[in-house]
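So this block is target38.pdb, PDB, C-alpha atoms:
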```
ATOM      1  CA  MET A  24      17.923   3.364   7.095
ATOM      2  CA  TYR A  25      16.101   3.312  10.450
ATOM      3  CA  TYR A  26      14.283   6.550   9.693
ATOM      4  CA  LEU A  27      13.485   5.569   6.108
ATOM      5  CA  THR A  28      11.141   2.922   7.508
ATOM      6  CA  PRO A  29       8.557   5.335   8.996
ATOM      7  CA  LEU A  30       8.796   7.497   5.875
ATOM      8  CA  PHE A  31       7.967   4.497   3.704
ATOM      9  CA  ILE A  32       5.209   3.240   6.036
ATOM     10  CA  GLY A  33       3.604   6.678   6.187
ATOM     11  CA  PHE A  34       3.865   7.135   2.431
ATOM     12  CA  ALA A  35       2.445   3.697   1.624
ATOM     13  CA  SER A  36      -0.422   3.842   4.132
ATOM     14  CA  ALA A  37      -1.496   7.324   3.000
ATOM     15  CA  THR A  38      -1.289   6.419  -0.683
ATOM     16  CA  LEU A  39      -3.424   3.319  -0.173
ATOM     17  CA  GLY A  40      -5.868   5.298   1.949
ATOM     18  CA  ILE A  41      -6.307   7.881  -0.812
ATOM     19  CA  THR A  42      -6.856   5.300  -3.567
ATOM     20  CA  PRO A  43     -10.600   4.529  -3.073
ATOM     21  CA  PRO A  44     -12.768   7.236  -4.707
ATOM     22  CA  GLY A  45     -14.044   9.727  -2.139
ATOM     23  CA  LEU A  46     -15.067  13.351  -1.717
ATOM     24  CA  ILE A  47     -11.560  14.827  -1.526
ATOM     25  CA  ASN A  48      -9.854  12.945  -4.349
ATOM     26  CA  MET A  49     -12.875  13.245  -6.637
ATOM     27  CA  THR A  50     -12.944  16.988  -5.903
ATOM     28  CA  VAL A  51      -9.239  17.163  -6.792
ATOM     29  CA  ALA A  52     -10.061  15.513 -10.116
ATOM     30  CA  LYS A  53     -12.956  17.903 -10.709
ATOM     31  CA  VAL A  54     -10.762  20.939 -10.031
ATOM     32  CA  ALA A  55      -8.211  19.568 -12.507
ATOM     33  CA  LEU A  56     -10.857  19.156 -15.199
ATOM     34  CA  ASN A  57     -12.498  22.546 -14.630
ATOM     35  CA  GLU A  58      -9.610  24.788 -13.603
ATOM     36  CA  GLY A  59      -6.408  23.026 -14.611
ATOM     37  CA  LYS A  60      -3.736  20.892 -12.999
ATOM     38  CA  VAL A  61      -1.995  23.735 -11.167
ATOM     39  CA  ARG A  62      -5.052  24.674  -9.109
ATOM     40  CA  ALA A  63      -5.786  21.003  -8.481
ATOM     41  CA  LEU A  64      -2.279  20.451  -7.121
ATOM     42  CA  VAL A  65      -2.597  23.538  -4.905
ATOM     43  CA  PHE A  66      -5.844  22.053  -3.569
ATOM     44  CA  ALA A  67      -4.045  18.722  -3.020
ATOM     45  CA  ALA A  68      -1.226  20.474  -1.144
ATOM     46  CA  GLY A  69      -3.721  22.040   1.269
ATOM     47  CA  ALA A  70      -5.403  18.700   1.887
ATOM     48  CA  SER A  71      -2.020  17.013   2.435
ATOM     49  CA  VAL A  72      -0.968  19.582   5.059
ATOM     50  CA  VAL A  73      -4.066  18.720   7.076
ATOM     51  CA  VAL A  74      -3.286  15.001   6.754
ATOM     52  CA  LEU A  75       0.151  15.703   8.244
ATOM     53  CA  MET A  76      -1.426  17.486  11.230
ATOM     54  CA  GLN A  77      -4.031  14.739  11.658
ATOM     55  CA  SER A  78      -1.333  12.065  11.721
ATOM     56  CA  LEU A  79       0.590  13.988  14.409
ATOM     57  CA  VAL A  80      -2.546  14.261  16.544
ATOM     58  CA  ALA A  81      -3.256  10.572  16.006
ATOM     59  CA  LEU A  82       0.251   9.603  17.130
ATOM     60  CA  LEU A  83      -0.108  11.634  20.323
ATOM     61  CA  PHE A  84      -3.138   9.522  21.209
ATOM     62  CA  ALA A  85      -1.368   6.378  20.073
ATOM     63  CA  ARG A  86       1.662   7.087  22.288
ATOM     64  CA  TYR A  87      -0.556   7.115  25.377
ATOM     65  CA  ILE A  88      -2.464   4.020  24.298
ATOM     66  CA  ASN A  89       0.765   2.171  23.589
ATOM     67  CA  THR A  90       1.902   2.530  27.239
ATOM     68  CA  HIS A  91      -1.186   0.667  28.443
ATOM     69  CA  PRO A  92      -1.023  -2.973  27.256
ATOM     70  CA  GLY A  93      -4.599  -3.659  28.310
ATOM     71  CA  VAL A  94      -5.801  -0.918  25.989
ATOM     72  CA  VAL A  95      -3.690  -2.315  23.155
ATOM     73  CA  ILE A  96      -5.255  -5.781  23.326
ATOM     74  CA  LEU A  97      -8.688  -4.211  23.682
ATOM     75  CA  LEU A  98      -8.055  -2.212  20.524
ATOM     76  CA  ARG A  99      -6.900  -5.355  18.756
ATOM     77  CA  GLU A 100     -10.135  -7.099  19.640
ATOM     78  CA  ALA A 101     -12.185  -4.072  18.620
ATOM     79  CA  GLY A 102     -10.154  -3.804  15.438
ATOM     80  CA  LEU A 103     -10.783  -7.464  14.717
ATOM     81  CA  ALA A 104     -14.530  -6.903  14.987
ATOM     82  CA  VAL A 105     -14.308  -3.869  12.707
ATOM     83  CA  PHE A 106     -12.223  -5.666  10.092
ATOM     84  CA  LEU A 107     -14.533  -8.695  10.104
ATOM     85  CA  VAL A 108     -17.524  -6.429   9.565
ATOM     86  CA  LEU A 109     -15.692  -4.619   6.768
ATOM     87  CA  THR A 110     -14.743  -7.929   5.164
ATOM     88  CA  VAL A 111     -18.369  -9.068   5.097
ATOM     89  CA  TYR A 112     -19.477  -5.661   3.843
ATOM     90  CA  PHE A 113     -16.996  -5.422   0.971
ATOM     91  CA  PHE A 114     -17.567  -9.008  -0.165
ATOM     92  CA  PHE A 115     -21.355  -9.162   0.079
ATOM     93  CA  PHE A 116     -23.001  -5.765   0.580
ATOM     94  CA  ALA A 117     -20.859  -3.039  -1.009
ATOM     95  CA  GLN A 118     -22.751  -1.541  -3.898
ATOM     96  CA  LYS A 119     -21.240  -1.041  -7.297
ATOM     97  CA  PRO A 120     -22.259   2.507  -8.191
ATOM     98  CA  LYS A 121     -22.134   4.174 -11.575
ATOM     99  CA  PRO A 122     -19.208   6.472 -12.361
ATOM    100  CA  VAL A 123     -19.313   9.664 -10.330
ATOM    101  CA  ARG A 124     -19.498  12.694 -12.599
ATOM    102  CA  GLU A 125     -20.859  15.373 -10.294
ATOM    103  CA  VAL A 126     -19.048  16.268  -7.090
ATOM    104  CA  THR A 127     -18.859  19.337  -4.907
ATOM    105  CA  LYS A 128     -19.742  22.540  -6.753
ATOM    106  CA  LEU A 129     -16.746  24.835  -6.775
ATOM    107  CA  LYS A 130     -18.086  28.340  -7.147
ATOM    108  CA  SER A 131     -15.373  30.197  -5.257
ATOM    109  CA  LYS A 132     -12.292  31.313  -7.158
ATOM    110  CA  LYS A 133     -10.313  31.906  -3.963
ATOM    111  CA  SER A 134      -7.267  29.912  -2.966
ATOM    112  CA  ARG A 135      -7.756  26.228  -3.597
ATOM    113  CA  PHE A 136      -5.133  25.588  -0.924
ATOM    114  CA  PHE A 137      -7.485  26.590   1.877
ATOM    115  CA  LEU A 138     -10.418  24.795   0.255
ATOM    116  CA  GLY A 139      -8.300  21.644   0.250
ATOM    117  CA  MET A 140      -7.491  22.183   3.928
ATOM    118  CA  LEU A 141     -11.165  22.683   4.754
ATOM    119  CA  LEU A 142     -12.429  19.543   3.032
ATOM    120  CA  SER A 143      -9.571  17.487   4.450
ATOM    121  CA  ALA A 144     -10.250  18.798   7.978
ATOM    122  CA  LEU A 145     -13.862  17.631   7.673
ATOM    123  CA  ASN A 146     -12.617  14.095   7.092
ATOM    124  CA  PHE A 147     -11.891  12.619  10.552
ATOM    125  CA  PHE A 148     -11.106   9.079   9.367
ATOM    126  CA  PRO A 149      -7.285   9.536   9.219
ATOM    127  CA  ILE A 150      -7.026  10.068  13.005
ATOM    128  CA  PRO A 151      -8.424   6.685  14.179
ATOM    129  CA  PHE A 152      -6.779   5.038  11.180
ATOM    130  CA  TYR A 153      -3.280   6.221  12.128
ATOM    131  CA  VAL A 154      -3.888   5.531  15.813
ATOM    132  CA  PHE A 155      -4.773   1.920  15.082
ATOM    133  CA  LEU A 156      -2.001   1.525  12.489
ATOM    134  CA  SER A 157       0.784   2.913  14.684
ATOM    135  CA  VAL A 158      -0.291   1.004  17.806
ATOM    136  CA  THR A 159      -0.551  -2.228  15.849
ATOM    137  CA  LEU A 160       2.848  -1.758  14.188
ATOM    138  CA  SER A 161       4.388  -0.807  17.534
ATOM    139  CA  SER A 162       3.104  -4.018  19.103
ATOM    140  CA  TYR A 163       5.031  -5.897  16.394
ATOM    141  CA  GLN A 164       8.165  -3.729  16.928
ATOM    142  CA  TYR A 165       7.815  -2.013  13.539
ATOM    143  CA  PHE A 166       7.023   1.433  14.928
ATOM    144  CA  SER A 167       8.602   3.736  17.500
ATOM    145  CA  PHE A 168       7.107   6.788  19.203
ATOM    146  CA  GLU A 169      10.413   8.681  19.240
ATOM    147  CA  LYS A 170       9.973  12.282  18.105
ATOM    148  CA  LEU A 171      12.069  11.957  14.951
ATOM    149  CA  PHE A 172      10.394   8.662  14.028
ATOM    150  CA  VAL A 173       6.942  10.227  14.487
ATOM    151  CA  SER A 174       7.898  13.335  12.508
ATOM    152  CA  THR A 175       9.265  11.258   9.646
ATOM    153  CA  PHE A 176       6.130   9.115   9.580
ATOM    154  CA  SER A 177       3.918  12.213   9.418
ATOM    155  CA  ILE A 178       5.966  13.630   6.554
ATOM    156  CA  GLY A 179       5.471  10.292   4.818
ATOM    157  CA  THR A 180       1.700  10.503   5.253
ATOM    158  CA  ALA A 181       1.642  14.015   3.777
ATOM    159  CA  THR A 182       3.777  13.098   0.770
ATOM    160  CA  GLY A 183       1.840   9.869   0.245
ATOM    161  CA  SER A 184      -1.445  11.767   0.311
ATOM    162  CA  PHE A 185      -0.154  14.319  -2.180
ATOM    163  CA  PHE A 186       1.092  11.537  -4.455
ATOM    164  CA  GLY A 187      -2.322   9.848  -4.314
ATOM    165  CA  PHE A 188      -4.052  13.119  -5.187
ATOM    166  CA  TYR A 189      -1.567  13.709  -7.989
ATOM    167  CA  CYS A 190      -2.436  10.314  -9.471
ATOM    168  CA  TYR A 191      -6.086  11.357  -9.573
ATOM    169  CA  VAL A 192      -5.153  14.613 -11.283
ATOM    170  CA  ALA A 193      -2.921  12.882 -13.824
ATOM    171  CA  PHE A 194      -5.031   9.853 -14.663
ATOM    172  CA  PHE A 195      -8.649  10.794 -13.925
ATOM    173  CA  SER A 196      -9.484  11.310 -17.586
ATOM    174  CA  LYS A 197      -8.555   7.683 -18.222
ATOM    175  CA  LEU A 198     -10.195   6.303 -15.094
ATOM    176  CA  GLU A 199     -13.435   8.282 -15.287
ATOM    177  CA  SER A 200     -15.109   5.962 -17.806
ATOM    178  CA  ARG A 201     -14.067   2.928 -15.767
ATOM    179  CA  THR A 202     -14.927   4.144 -12.276
ATOM    180  CA  ALA A 203     -17.720   1.596 -11.694
ATOM    181  CA  GLY A 204     -15.492  -1.315 -12.637
ATOM    182  CA  LEU A 205     -12.651   0.065 -10.579
ATOM    183  CA  ILE A 206     -14.840   0.365  -7.487
ATOM    184  CA  ARG A 207     -16.307  -3.105  -8.032
ATOM    185  CA  ASN A 208     -12.868  -4.722  -8.175
ATOM    186  CA  MET A 209     -11.597  -2.524  -5.367
ATOM    187  CA  ASN A 210     -14.345  -3.809  -3.069
ATOM    188  CA  TYR A 211     -12.989  -7.339  -3.414
ATOM    189  CA  ILE A 212      -9.399  -6.164  -3.046
ATOM    190  CA  ILE A 213     -10.172  -4.246   0.158
ATOM    191  CA  GLY A 214     -12.267  -7.160   1.419
ATOM    192  CA  SER A 215      -9.334  -9.513   0.882
ATOM    193  CA  ILE A 216      -6.983  -7.169   2.724
ATOM    194  CA  THR A 217      -9.335  -6.805   5.713
ATOM    195  CA  LEU A 218      -9.783 -10.594   5.797
ATOM    196  CA  LEU A 219      -6.008 -11.087   5.875
ATOM    197  CA  ILE A 220      -5.641  -8.512   8.657
ATOM    198  CA  SER A 221      -8.437 -10.218  10.592
ATOM    199  CA  LEU A 222      -6.698 -13.601  10.373
ATOM    200  CA  ILE A 223      -3.387 -12.102  11.524
ATOM    201  CA  THR A 224      -5.147 -10.345  14.412
ATOM    202  CA  ILE A 225      -6.873 -13.570  15.478
ATOM    203  CA  VAL A 226      -3.536 -15.385  15.560
ATOM    204  CA  ASN A 227      -1.938 -12.660  17.703
ATOM    205  CA  ILE A 228      -4.914 -12.513  20.104
ATOM    206  CA  ILE A 229      -4.664 -16.286  20.588
ATOM    207  CA  ARG A 230      -0.921 -15.958  21.238
ATOM    208  CA  TYR A 231      -1.563 -13.197  23.789
ATOM    209  CA  TYR A 232      -3.978 -15.329  25.834
ATOM    210  CA  TYR A 233      -2.241 -18.674  25.449
TER
END
```
Kindly present the structure from the file in structure tokens form.
Amino acid sequence: MYYLTPLFIGFASATLGITPPGLINMTVAKVALNEGKVRALVFAAGASVVVLMQSLVALLFARYINTHPGVVILLREAGLAVFLVLTVYFFFFAQKPKPVREVTKLKSKKSRFFLGMLLSALNFFPIPFYVFLSVTLSSYQYFSFEKLFVSTFSIGTATGSFFGFYCYVAFFSKLESRTAGLIRNMNYIIGSITLLISLITIVNIIRYYY
């Protein structure tokens, strides 16, 4: 049961991270529409492998940061500022674009696996995301930097990413006509989540100092 926790956390965090429309998941959907589900899933597998490697790199940084309490509280304060900015952005400034119909042109007929790896490698967001997530969870005793725990978490991130991509492949035809509405509602959902995280962070910062 102990090692099911990091698997679940990794799976859930990666799945939620994949949900908002972006270059990689929209490209997965485009490959599915143009070349079929099999090639799209091969593309998704390549992207998911890179996510696994990125999460391992992130946890190496996080392990060092976690041994320095001063850095942890500094990251909490920086994270609070980031989440407050994101909350304001998603509630008041995030645009509500029209459905995306044109994404990256896929001219090459070579392995979609390596194309998925390439596009995923160009996305650096997962590294700081998993650093902040693991350090924060560790400070609340929900995460351990033991090798097996870290490995299980990374496997969870890879499987969660693949599941998120698979959802785009399976349901994009239904979601495509509703993309604008989905993004509009998602802005408020993400804004609410960042607001909640900000409030929790404020409480813990106050506890740390007082």
Shell around segment 59-69 of chain A at 12 Å using all atoms listed in the file, local window under 2 positions removed, as JSON, numbers by chain:
{"A": [41, 47, 48, 49, 50, 51, 52, 53, 54, 55, 56, 57, 71, 72, 73, 74, 75, 76, 129, 132, 133, 134, 135, 136, 137, 138, 139, 140, 141, 142, 143, 144, 181, 182, 183, 184, 185, 186, 187, 188, 189, 190, 191, 192, 193, 194, 195]}
Record the distance separating atom CA of Asn146 of chain A and atom CA of Phe34 of chain A, expressed in Å with one decimal.
18.5 Å
Please compute the atom CA of Ile220 of chain A-atom CA of Leu107 of chain A distance, one decimal, in Å.
9.0 Å
Could you jot down the atom CA of Leu27 of chain A to atom CA of Phe148 of chain A separation for me, Å, one decimal place?
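About the pair atom CA of Leu27 of chain A and atom CA of Phe148 of chain A: they are 25.1 Å apart.
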Ranking A:Leu160, A:Ile32, A:Val154, A:Leu222 by minimum distance to Leu83 of chain A and counting only C-alpha atoms, which one comes first?
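Closest to Leu83 of chain A, using only C-alpha atoms: A:Val154.
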Leaving out Ile150 of chain A and any residue of its chain fewer than 4 positions from it, which residues lie within 8 Å of it when counting all atoms listed in the file, given as a list in words?
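Those residues are Gln77, Ser78, Val80, Ala81 and Val154 of chain A.
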For Arg86 of chain A, which residue among A:Ser157, A:Ser177, A:Thr110, A:Gln164 is the nearest when counting all atoms listed in the file?
A:Ser157
Restricting the calculation to all atoms listed in the file, which member of A:Tyr163, A:Ser221, A:Leu171, A:Leu82 is positioned closest to Pro151 of chain A?
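Of the candidates, the smallest distance to Pro151 of chain A is held by A:Leu82.
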What are the centre and edge lengths in Å, to one decimal, of the axis-aligned box around all listed atoms of segment 40-59 of chain A with 6 Å added on each side, as AutoDock Vina command-line options?
```
--center_x -10.5 --center_y 14.7 --center_z -6.6 --size_x 21.2 --size_y 32.3 --size_z 29.1
```
Could you check which of A:Pro29, A:Val226, A:Ala35, A:Ala70 is closest to Leu145 of chain A, using all atoms listed in the file?
A:Ala70
Please provide the set of residues having any atom within 9 Å of Glu100 of chain A, restricted to all atoms listed in the file, with same-chain residues fewer than 5 positions apart removed, written as a PyMOL selection string.
chain A and resi 95+105+224-225+228
Could you give me, as an MDAnalysis selection string, the residues within 9 Å of Tyr26 of chain A, counting only C-alpha atoms and dropping anything in the same chain fewer than 5 positions from it?
chainID A and resid 31 171:172 175:176
